>>> print(open('query-v5.cif').read())   # mmCIF, C-alpha atoms and all ligand atoms
data_coords
loop_
_atom_site.label_atom_id
_atom_site.label_comp_id
_atom_site.auth_asym_id
_atom_site.auth_seq_id
_atom_site.Cartn_x
_atom_site.Cartn_y
_atom_site.Cartn_z
CA MET A 1 -65.61 -21.88 -19.01
CA LYS A 2 -63.70 -24.84 -20.37
CA ALA A 3 -61.54 -22.49 -22.45
CA LEU A 4 -60.81 -20.33 -19.38
CA SER A 5 -59.76 -23.29 -17.24
CA SER A 6 -57.58 -24.56 -20.09
CA THR A 7 -55.90 -21.12 -20.38
CA LEU A 8 -55.40 -21.01 -16.61
CA GLY A 9 -53.97 -24.50 -16.70
CA LYS A 10 -51.52 -23.51 -19.43
CA ALA A 11 -50.52 -20.36 -17.53
CA ALA A 12 -49.91 -22.37 -14.36
CA GLY A 13 -47.86 -24.86 -16.34
CA LEU A 14 -45.82 -22.08 -17.87
CA LEU A 15 -45.26 -20.47 -14.48
CA ALA A 16 -44.14 -23.80 -13.02
CA LEU A 17 -41.74 -24.20 -15.92
CA VAL A 18 -40.27 -20.70 -15.40
CA VAL A 19 -39.84 -21.36 -11.67
CA ALA A 20 -38.21 -24.72 -12.40
CA VAL A 21 -35.80 -23.12 -14.90
CA ILE A 22 -34.88 -20.32 -12.47
CA ALA A 23 -34.35 -22.87 -9.67
CA ALA A 24 -32.17 -24.99 -11.98
CA VAL A 25 -30.10 -21.98 -13.01
CA LEU A 26 -29.68 -20.88 -9.41
CA SER A 27 -28.67 -24.32 -8.20
CA TYR A 28 -26.15 -24.50 -11.05
CA PHE A 29 -24.63 -21.24 -9.90
CA GLU A 30 -24.59 -22.18 -6.22
CA ASP A 31 -21.09 -22.36 -4.77
CA PRO A 32 -19.87 -25.77 -5.90
CA ASP A 33 -17.90 -26.40 -2.79
CA PRO A 34 -18.61 -23.73 -0.25
CA ILE A 35 -15.51 -23.16 1.80
CA LYS A 36 -16.03 -23.92 5.45
CA SER A 37 -17.54 -21.01 7.28
CA ILE A 38 -14.88 -18.75 8.66
CA SER A 39 -14.96 -18.80 12.41
CA MET A 40 -16.04 -15.49 13.83
CA SER A 41 -15.39 -16.64 17.38
CA GLU A 42 -12.19 -14.64 17.50
CA ASP A 43 -12.61 -11.38 19.22
CA MET A 44 -12.29 -8.82 16.44
CA LYS A 45 -11.49 -6.04 18.86
CA VAL A 46 -8.50 -7.92 20.24
CA LEU A 47 -7.34 -8.84 16.76
CA GLU A 48 -7.65 -5.23 15.66
CA GLU A 49 -5.66 -3.99 18.63
CA ASN A 50 -2.90 -6.57 18.06
CA PHE A 51 -2.77 -5.66 14.39
CA ARG A 52 -2.61 -1.93 15.13
CA GLN A 53 0.41 -2.44 17.34
CA GLN A 54 2.35 -3.96 14.46
CA ASN A 55 2.43 -0.59 12.66
CA ARG A 56 1.76 -2.11 9.28
CA SER A 57 1.45 -0.20 6.03
CA CYS A 58 -0.66 -0.99 3.01
CA PHE A 59 -1.53 0.19 -0.47
CA ILE A 60 -4.85 0.15 -2.30
CA LEU A 61 -5.30 -0.10 -6.06
CA GLY A 62 -8.71 1.08 -7.22
CA ALA A 63 -9.57 3.31 -4.24
CA SER A 64 -11.58 5.56 -6.57
CA GLY A 65 -13.89 2.69 -7.46
CA GLU A 66 -17.02 1.52 -5.68
CA THR A 67 -15.50 -1.25 -3.56
CA GLY A 68 -12.11 0.44 -3.16
CA ARG A 69 -13.71 3.59 -1.78
CA LEU A 70 -15.51 1.63 0.93
CA LEU A 71 -12.42 -0.46 1.62
CA LEU A 72 -10.49 2.71 2.32
CA GLN A 73 -13.29 4.05 4.52
CA GLU A 74 -13.42 0.80 6.48
CA MET A 75 -9.67 0.85 7.03
CA LEU A 76 -9.71 4.43 8.24
CA GLU A 77 -12.63 3.78 10.58
CA ARG A 78 -10.91 0.79 12.11
CA ASN A 79 -7.56 2.57 12.15
CA LEU A 80 -5.57 -0.56 11.42
CA PHE A 81 -2.66 0.73 9.37
CA SER A 82 -0.01 3.25 10.31
CA LYS A 83 0.28 4.25 6.67
CA ILE A 84 -2.11 3.88 3.72
CA THR A 85 -0.99 4.60 0.17
CA LEU A 86 -3.44 4.92 -2.69
CA ILE A 87 -2.02 3.98 -6.05
CA GLY A 88 -4.09 5.16 -9.00
CA ARG A 89 -4.10 6.91 -12.33
CA ARG A 90 -5.40 10.21 -10.96
CA PRO A 91 -5.23 12.14 -7.70
CA LEU A 92 -8.29 11.87 -5.50
CA THR A 93 -9.80 14.58 -3.33
CA PHE A 94 -11.12 13.76 0.11
CA GLU A 95 -12.79 15.89 2.67
CA GLY A 96 -12.32 15.33 6.37
CA LYS A 97 -9.54 14.91 8.87
CA ALA A 98 -9.63 11.12 8.65
CA TYR A 99 -8.18 11.32 5.15
CA GLY A 100 -5.40 13.72 6.13
CA ASN A 101 -2.59 11.18 6.41
CA LEU A 102 -3.15 9.32 3.20
CA VAL A 103 -0.29 9.07 0.72
CA GLN A 104 -1.22 9.19 -2.96
CA GLU A 105 0.90 7.87 -5.78
CA VAL A 106 -0.29 8.76 -9.24
CA VAL A 107 1.08 6.33 -11.80
CA ASP A 108 0.87 5.59 -15.50
CA PHE A 109 -0.30 1.98 -15.61
CA GLU A 110 1.15 1.61 -19.11
CA LYS A 111 4.62 2.29 -17.70
CA LEU A 112 4.41 0.73 -14.28
CA ASP A 113 8.09 -0.21 -14.20
CA ASP A 114 8.86 3.51 -14.03
CA TYR A 115 6.84 3.69 -10.82
CA ALA A 116 8.37 0.74 -8.96
CA ALA A 117 9.14 3.02 -6.00
CA ALA A 118 5.40 3.51 -5.40
CA PHE A 119 5.09 -0.19 -4.69
CA GLN A 120 8.02 -0.44 -2.31
CA GLY A 121 7.85 -0.92 1.43
CA HIS A 122 4.24 -1.94 1.95
CA ASP A 123 3.24 -4.88 4.15
CA VAL A 124 -0.15 -5.53 2.57
CA GLY A 125 -1.58 -4.79 -0.88
CA TYR A 126 -5.27 -4.60 -1.80
CA CYS A 127 -6.55 -4.62 -5.35
CA CYS A 128 -10.05 -3.53 -6.38
CA LEU A 129 -8.97 -2.47 -9.85
CA GLY A 130 -11.04 -3.39 -12.86
CA THR A 131 -12.90 -2.29 -15.92
CA THR A 132 -15.49 -3.84 -18.21
CA ARG A 133 -15.42 -5.11 -21.74
CA ALA A 134 -18.20 -2.67 -22.60
CA LYS A 135 -16.07 0.22 -21.43
CA ALA A 136 -12.61 -0.79 -22.59
CA GLY A 137 -13.17 -3.43 -25.28
CA ALA A 138 -11.83 -6.98 -24.93
CA GLU A 139 -8.17 -5.97 -25.19
CA GLY A 140 -8.57 -3.05 -22.82
CA PHE A 141 -10.32 -5.28 -20.32
CA ILE A 142 -7.47 -7.81 -20.40
CA ARG A 143 -4.94 -5.00 -20.11
CA VAL A 144 -6.53 -3.62 -16.93
CA ASP A 145 -7.92 -6.69 -15.20
CA HIS A 146 -4.95 -8.91 -15.97
CA ASP A 147 -1.85 -6.98 -17.05
CA TYR A 148 -2.11 -3.95 -14.74
CA VAL A 149 -3.12 -6.11 -11.79
CA LEU A 150 -0.37 -8.68 -12.33
CA LYS A 151 2.34 -6.07 -12.92
CA SER A 152 1.29 -4.24 -9.75
CA ALA A 153 1.47 -7.49 -7.79
CA GLU A 154 4.93 -8.22 -9.22
CA LEU A 155 6.22 -4.79 -8.26
CA ALA A 156 4.70 -5.08 -4.80
CA LYS A 157 6.29 -8.48 -4.26
CA ALA A 158 9.66 -7.17 -5.44
CA GLY A 159 9.19 -4.21 -3.10
CA GLY A 160 8.84 -6.47 -0.05
CA CYS A 161 5.06 -6.78 0.23
CA ALA A 162 4.05 -9.96 2.07
CA GLN A 163 0.31 -10.11 1.48
CA PHE A 164 -1.87 -9.46 -1.53
CA HIS A 165 -5.67 -9.27 -1.33
CA LEU A 166 -7.42 -9.41 -4.69
CA GLU A 167 -11.06 -8.65 -5.44
CA SER A 168 -11.73 -11.15 -8.20
CA SER A 169 -15.12 -12.55 -9.20
CA ARG A 170 -17.46 -15.41 -8.59
CA GLY A 171 -16.79 -18.13 -11.17
CA ALA A 172 -13.24 -16.97 -11.96
CA ASP A 173 -11.63 -19.79 -13.90
CA LYS A 174 -8.63 -19.61 -16.19
CA ASN A 175 -10.12 -22.39 -18.31
CA SER A 176 -13.49 -20.73 -18.76
CA ASN A 177 -14.86 -20.01 -22.21
CA PHE A 178 -16.10 -16.64 -20.98
CA LEU A 179 -13.54 -13.88 -21.35
CA TYR A 180 -14.45 -12.20 -18.05
CA LEU A 181 -14.16 -15.35 -15.95
CA LYS A 182 -11.10 -16.55 -17.84
CA VAL A 183 -9.19 -13.28 -17.30
CA LYS A 184 -10.14 -13.21 -13.64
CA GLY A 185 -9.02 -16.84 -13.21
CA GLN A 186 -5.80 -16.25 -15.12
CA VAL A 187 -4.77 -13.27 -13.03
CA GLU A 188 -5.52 -15.24 -9.85
CA ALA A 189 -3.27 -18.08 -11.07
CA ASP A 190 -0.47 -15.75 -12.18
CA ILE A 191 -0.43 -13.91 -8.87
CA GLU A 192 -0.47 -17.19 -6.96
CA ALA A 193 2.70 -18.14 -8.83
CA LEU A 194 4.42 -15.06 -7.37
CA ALA A 195 4.28 -16.83 -3.99
CA PHE A 196 3.30 -14.07 -1.62
CA ASP A 197 3.42 -15.16 2.03
CA ARG A 198 -0.32 -14.73 1.87
CA PHE A 199 -2.62 -14.36 -1.13
CA ALA A 200 -6.32 -13.84 -0.47
CA ILE A 201 -8.74 -14.07 -3.37
CA TYR A 202 -12.24 -12.67 -2.89
CA ARG A 203 -14.82 -13.91 -5.34
CA PRO A 204 -17.99 -11.85 -4.89
CA GLY A 205 -21.11 -12.43 -6.95
CA VAL A 206 -22.97 -9.49 -8.46
CA LEU A 207 -22.01 -6.38 -6.52
CA LEU A 208 -25.03 -4.61 -5.06
CA VAL A 209 -24.13 -0.97 -5.46
CA ASP A 210 -25.85 2.25 -6.50
CA ARG A 211 -23.31 3.03 -9.15
CA GLN A 212 -23.07 6.57 -10.44
CA GLU A 213 -21.83 5.40 -13.81
CA SER A 214 -24.40 3.93 -16.19
CA ARG A 215 -23.92 0.20 -16.82
CA PRO A 216 -27.28 -1.06 -18.12
CA SER A 217 -26.53 -4.80 -18.04
CA GLU A 218 -25.07 -4.57 -14.55
CA TRP A 219 -28.08 -2.49 -13.47
CA LEU A 220 -30.43 -5.21 -14.72
CA ALA A 221 -28.44 -7.95 -13.01
CA ARG A 222 -28.39 -5.93 -9.80
CA LYS A 223 -32.17 -5.41 -9.82
CA PHE A 224 -32.70 -9.10 -10.47
CA PHE A 225 -30.29 -10.26 -7.78
CA SER A 226 -31.35 -7.75 -5.15
CA VAL A 227 -34.85 -9.27 -5.33
CA LEU A 228 -33.39 -12.76 -5.18
CA SER A 229 -30.74 -12.13 -2.54
CA PRO A 230 -32.91 -13.08 0.48
CA VAL A 231 -33.61 -16.52 -1.05
CA CYS A 232 -30.33 -16.97 -2.84
CA PRO A 233 -27.63 -15.18 -0.85
CA SER A 234 -24.71 -16.72 -2.71
CA MET A 235 -25.40 -14.85 -5.95
CA SER A 236 -24.90 -11.24 -4.93
CA ILE A 237 -23.38 -9.14 -2.20
CA SER A 238 -23.22 -5.53 -1.09
CA ILE A 239 -19.96 -3.66 -1.59
CA GLN A 240 -20.07 -2.81 2.13
CA GLU A 241 -19.82 -6.50 2.98
CA VAL A 242 -16.97 -7.03 0.53
CA ALA A 243 -15.01 -4.12 1.99
CA LYS A 244 -15.59 -5.24 5.58
CA ALA A 245 -14.66 -8.81 4.73
CA MET A 246 -11.40 -7.78 3.06
CA VAL A 247 -10.36 -5.82 6.12
CA SER A 248 -11.51 -8.40 8.69
CA ASN A 249 -9.91 -11.25 6.85
CA THR A 250 -6.57 -9.44 7.01
CA LEU A 251 -6.73 -9.84 10.79
CA LEU A 252 -7.30 -13.59 10.69
CA GLN A 253 -4.70 -16.30 10.37
CA PRO A 254 -5.21 -18.19 7.11
CA ASN A 255 -4.89 -21.97 6.92
CA HIS A 256 -3.13 -21.79 3.56
CA LYS A 257 -0.89 -19.33 1.77
CA THR A 258 -3.58 -18.92 -0.89
CA GLU A 259 -7.16 -18.60 0.30
CA ILE A 260 -10.25 -18.33 -1.83
CA LEU A 261 -13.25 -16.66 -0.30
CA GLU A 262 -16.41 -17.38 -2.23
CA ASN A 263 -19.46 -15.12 -2.02
CA LYS A 264 -20.86 -16.88 1.08
CA ASP A 265 -17.53 -16.67 2.90
CA ILE A 266 -17.27 -12.98 2.11
CA SER A 267 -20.82 -12.44 3.29
CA ASN A 268 -20.23 -14.33 6.57
CA LEU A 269 -17.14 -12.33 7.26
CA GLY A 270 -18.61 -9.03 6.07
CA LYS A 271 -21.74 -9.40 8.21
CA GLY A 272 -19.81 -10.57 11.23
CA ALA A 273 -17.32 -7.72 11.13
CA GLY A 274 -18.44 -5.74 14.14
CA LYS A 275 -16.93 -2.53 15.24
N1 LIG B 301 -19.62 -5.32 -10.92
C1 LIG B 301 -19.82 -6.49 -10.36
O1 LIG B 301 -20.95 -6.94 -10.15
C2 LIG B 301 -18.61 -7.33 -9.96
C3 LIG B 301 -18.82 -8.60 -9.47
C4 LIG B 301 -17.74 -9.34 -9.03
C5 LIG B 301 -16.46 -8.80 -9.11
N2 LIG B 301 -16.27 -7.57 -9.63
C6 LIG B 301 -14.88 -7.06 -9.70
O2 LIG B 301 -14.63 -6.31 -8.51
C7 LIG B 301 -13.62 -5.33 -8.78
C8 LIG B 301 -14.09 -3.98 -8.25
O3 LIG B 301 -15.31 -3.64 -8.87
P1 LIG B 301 -15.95 -2.19 -8.61
O4 LIG B 301 -17.27 -2.19 -9.31
O5 LIG B 301 -15.87 -1.84 -7.18
O6 LIG B 301 -14.91 -1.28 -9.44
P2 LIG B 301 -15.17 0.13 -10.15
O7 LIG B 301 -16.13 0.94 -9.37
O8 LIG B 301 -15.47 -0.10 -11.59
O9 LIG B 301 -13.71 0.79 -10.00
C9 LIG B 301 -12.66 0.31 -10.75
C10 LIG B 301 -11.34 0.91 -10.34
O10 LIG B 301 -10.36 0.54 -11.31
C11 LIG B 301 -9.78 1.73 -11.85
N3 LIG B 301 -9.54 1.61 -13.29
C12 LIG B 301 -10.44 1.24 -14.23
N4 LIG B 301 -9.88 1.31 -15.46
C13 LIG B 301 -8.61 1.74 -15.27
C14 LIG B 301 -7.52 2.02 -16.15
N5 LIG B 301 -7.63 1.88 -17.48
N6 LIG B 301 -6.36 2.44 -15.62
C15 LIG B 301 -6.24 2.59 -14.28
N7 LIG B 301 -7.22 2.35 -13.38
C16 LIG B 301 -8.40 1.93 -13.88
C17 LIG B 301 -10.78 2.85 -11.60
O11 LIG B 301 -10.09 4.08 -11.59
P3 LIG B 301 -10.79 5.44 -12.11
O12 LIG B 301 -11.70 5.86 -10.97
O13 LIG B 301 -9.66 6.37 -12.33
O14 LIG B 301 -11.57 5.09 -13.34
C18 LIG B 301 -11.35 2.43 -10.25
O15 LIG B 301 -10.50 2.85 -9.21
C19 LIG B 301 -13.38 -5.36 -10.28
O16 LIG B 301 -12.22 -6.09 -10.54
C20 LIG B 301 -14.60 -6.10 -10.82
O17 LIG B 301 -14.30 -6.80 -12.02
C21 LIG B 301 -17.32 -6.80 -10.04
#
>>> encode(input="query-v5.cif", output="structure tokens", more="lines below")
Ligand SMILES: NC(=O)c1ccc[n+]([C@@H]2O[C@H](COP(=O)([O-])OP(=O)(O)OC[C@H]3O[C@@H](n4cnc5c(N)ncnc54)[C@H](OP(=O)(O)O)[C@@H]3O)[C@@H](O)[C@H]2O)c1
Amino acid sequence: MKALSSTLGKAAGLLALVVAVIAAVLSYFEDPDPIKSISMSEDMKVLEENFRQQNRSCFILGASGETGRLLLQEMLERNLFSKITLIGRRPLTFEGKAYGNLVQEVVDFEKLDDYAAAFQGHDVGYCCLGTTRAKAGAEGFIRVDHDYVLKSAELAKAGGCAQFHLESSRGADKNSNFLYLKVKGQVEADIEALAFDRFAIYRPGVLLVDRQESRPSEWLARKFFSVLSPVCPSMSISIQEVAKAMVSNTLLQPNHKTEILENKDISNLGKGAGK
């Protein structure tokens, strides 16, 4: 009996320790300085109508990806742009009338200067481009997530684009010791230096998505964070919310030329984006 209660005591102690460690880790990863909640008091419908009347055009990089696909869908549903151009490495096939007016530019990202024309004449640029170290190796990851993204932003700026909206990542920091966060932070800083009239950086946590492609570590993280998301909403987010937030934020007036939307900000905006 004594042995049983001692074992139970040890188990309870161990459980308490695990809970304490998880709580400590989570509080460490909490947004250090959550940006003030974005006011949703504006009437989205009115903002959408005003925006529509401006006949703006945009381009999307990464529209074949998980977030980019939903971003495109959201834009089409809300009918905000008079012209949408998809810039990617391969042509995409869409079914349905809604996709009829899309323009597609297929480019070689290794020779982007040869495709400068594809980046000309857009008002707003959206970037959901990215790969992983596991897929492309460290150099390949830097090439895509930094070099391709920065070069695209440069060409867009030179082509008259006023706004750039970048899907980056939670924890992006050019001084980080982690390659992923460092590259994300570096590309943010380099694009900021281009001085767009408006530069919006979205820093989502783990993306909650049923990805077709197999990414075991991301799958594990997703399972873990989808269980935790009700108690710790700043760690993960659905791609639907990210896409909605990117579109809704475009309609709002920023307080600064460069805005950083942390996971909670994206979630507030993504959840509040009514149609
Ligand atoms: N996964 C997460 O939990 C997480 C969390 C925070 C932030 N993010 C970031 O959010 C962004 C979007 O993520 P996602 O999961 O929605 O993206 P995704 O599904 O992996 O799609 C990536 C896009 O980038 C394109 N791409 C990849 N490698 C390329 C290459 N070598 N040349 C040209 N295009 C290339 C893909 O084109 P193809 O279809 O032709 O391959 C696709 O359109 C990424 O920057 C990612 O780092 C991800």
>>> residues_near_ligand(input="query-v5.cif", ligand="ligand LIG 301 (chain B)", cutoff="6 Å", atoms="all atoms listed in the file", output="VMD selection string")
chain A and resid 62 to 68 89 to 90 128 to 131 144 167 to 169 204 to 207
>>> closest_residue(input="query-v5.cif", among="A:Tyr148, A:Leu80, A:Ala136, A:Phe94", to="Phe109 in chain A", atoms="only C-alpha atoms")
A:Tyr148
>>> closest_residue(input="query-v5.cif", among="A:Val187, A:Val107, A:Ala243, A:Cys58", to="Ala156 in chain A", atoms="all atoms listed in the file")
A:Cys58
>>> closest_residue(input="query-v5.cif", among="A:His122, A:Arg170, A:His146, A:Arg133", to="Ala158 in chain A", atoms="only C-alpha atoms")
A:His122
>>> residues_around(input="query-v5.cif", residues="Val124 in chain A", least_positions_apart="3", cutoff="9 Å", atoms="all atoms listed in the file", output="ChimeraX atom specification")
/A:56-60,156,161-165,250
>>> write_last_selection(input="query-v5.cif", atoms="C-alpha atoms", output="CSV table (one decimal), in the coordinates of the input")
chain,number,residue,atom,x,y,z
A,56,ARG,CA,1.8,-2.1,9.3
A,57,SER,CA,1.4,-0.2,6.0
A,58,CYS,CA,-0.7,-1.0,3.0
A,59,PHE,CA,-1.5,0.2,-0.5
A,60,ILE,CA,-4.8,0.2,-2.3
A,156,ALA,CA,4.7,-5.1,-4.8
A,161,CYS,CA,5.1,-6.8,0.2
A,162,ALA,CA,4.0,-10.0,2.1
A,163,GLN,CA,0.3,-10.1,1.5
A,164,PHE,CA,-1.9,-9.5,-1.5
A,165,HIS,CA,-5.7,-9.3,-1.3
A,250,THR,CA,-6.6,-9.4,7.0
>>> closest_residue(input="query-v5.cif", among="A:Ser248, A:Thr93, A:Ser234, A:Gln104", to="Met75 in chain A", atoms="all atoms listed in the file")
A:Ser248
>>> closest_residue(input="query-v5.cif", among="A:Leu261, A:Leu71, A:Ala221, A:Ala138", to="Val247 in chain A", atoms="all atoms listed in the file")
A:Leu71
>>> axis_aligned_box(input="query-v5.cif", around="range 137-154 of chain A", padding_each_side="6 Å", output="AutoDock Vina command-line options")
--center_x -4.1 --center_y -6.0 --center_z -16.5 --size_x 30.1 --size_y 17.9 --size_z 29.5
>>> decode(input="query-v5.cif", residues="range 92-118 of chain A", atoms="C-alpha atoms", output="PDB file, in the first residue's frame")
ATOM      1  CA  LEU A  92      -2.089  26.549 -62.430  1.00  0.00           C
ATOM      2  CA  THR A  93      -5.410  25.083 -63.498  1.00  0.00           C
ATOM      3  CA  PHE A  94      -8.622  26.319 -61.950  1.00  0.00           C
ATOM      4  CA  GLU A  95     -12.166  25.253 -62.457  1.00  0.00           C
ATOM      5  CA  GLY A  96     -15.038  27.685 -62.258  1.00  0.00           C
ATOM      6  CA  LYS A  97     -16.086  31.006 -63.674  1.00  0.00           C
ATOM      7  CA  ALA A  98     -14.685  32.936 -60.723  1.00  0.00           C
ATOM      8  CA  TYR A  99     -11.172  32.112 -61.876  1.00  0.00           C
ATOM      9  CA  GLY A 100     -11.807  33.129 -65.483  1.00  0.00           C
ATOM     10  CA  ASN A 101     -10.208  36.571 -65.341  1.00  0.00           C
ATOM     11  CA  LEU A 102      -6.996  35.664 -63.618  1.00  0.00           C
ATOM     12  CA  VAL A 103      -3.717  36.524 -65.316  1.00  0.00           C
ATOM     13  CA  GLN A 104      -0.878  34.049 -64.879  1.00  0.00           C
ATOM     14  CA  GLU A 105       2.789  34.835 -65.287  1.00  0.00           C
ATOM     15  CA  VAL A 106       5.089  31.852 -65.275  1.00  0.00           C
ATOM     16  CA  VAL A 107       8.605  32.882 -64.347  1.00  0.00           C
ATOM     17  CA  ASP A 108      12.012  31.350 -63.712  1.00  0.00           C
ATOM     18  CA  PHE A 109      12.857  32.510 -60.199  1.00  0.00           C
ATOM     19  CA  GLU A 110      16.556  31.991 -60.917  1.00  0.00           C
ATOM     20  CA  LYS A 111      16.364  34.644 -63.643  1.00  0.00           C
ATOM     21  CA  LEU A 112      13.803  37.033 -62.243  1.00  0.00           C
ATOM     22  CA  ASP A 113      15.375  40.077 -63.894  1.00  0.00           C
ATOM     23  CA  ASP A 114      14.295  38.615 -67.234  1.00  0.00           C
ATOM     24  CA  TYR A 115      10.698  38.713 -66.005  1.00  0.00           C
ATOM     25  CA  ALA A 116      10.589  42.282 -64.702  1.00  0.00           C
ATOM     26  CA  ALA A 117       7.537  42.983 -66.879  1.00  0.00           C
ATOM     27  CA  ALA A 118       5.503  40.472 -64.842  1.00  0.00           C
TER      28      ALA A 118
END
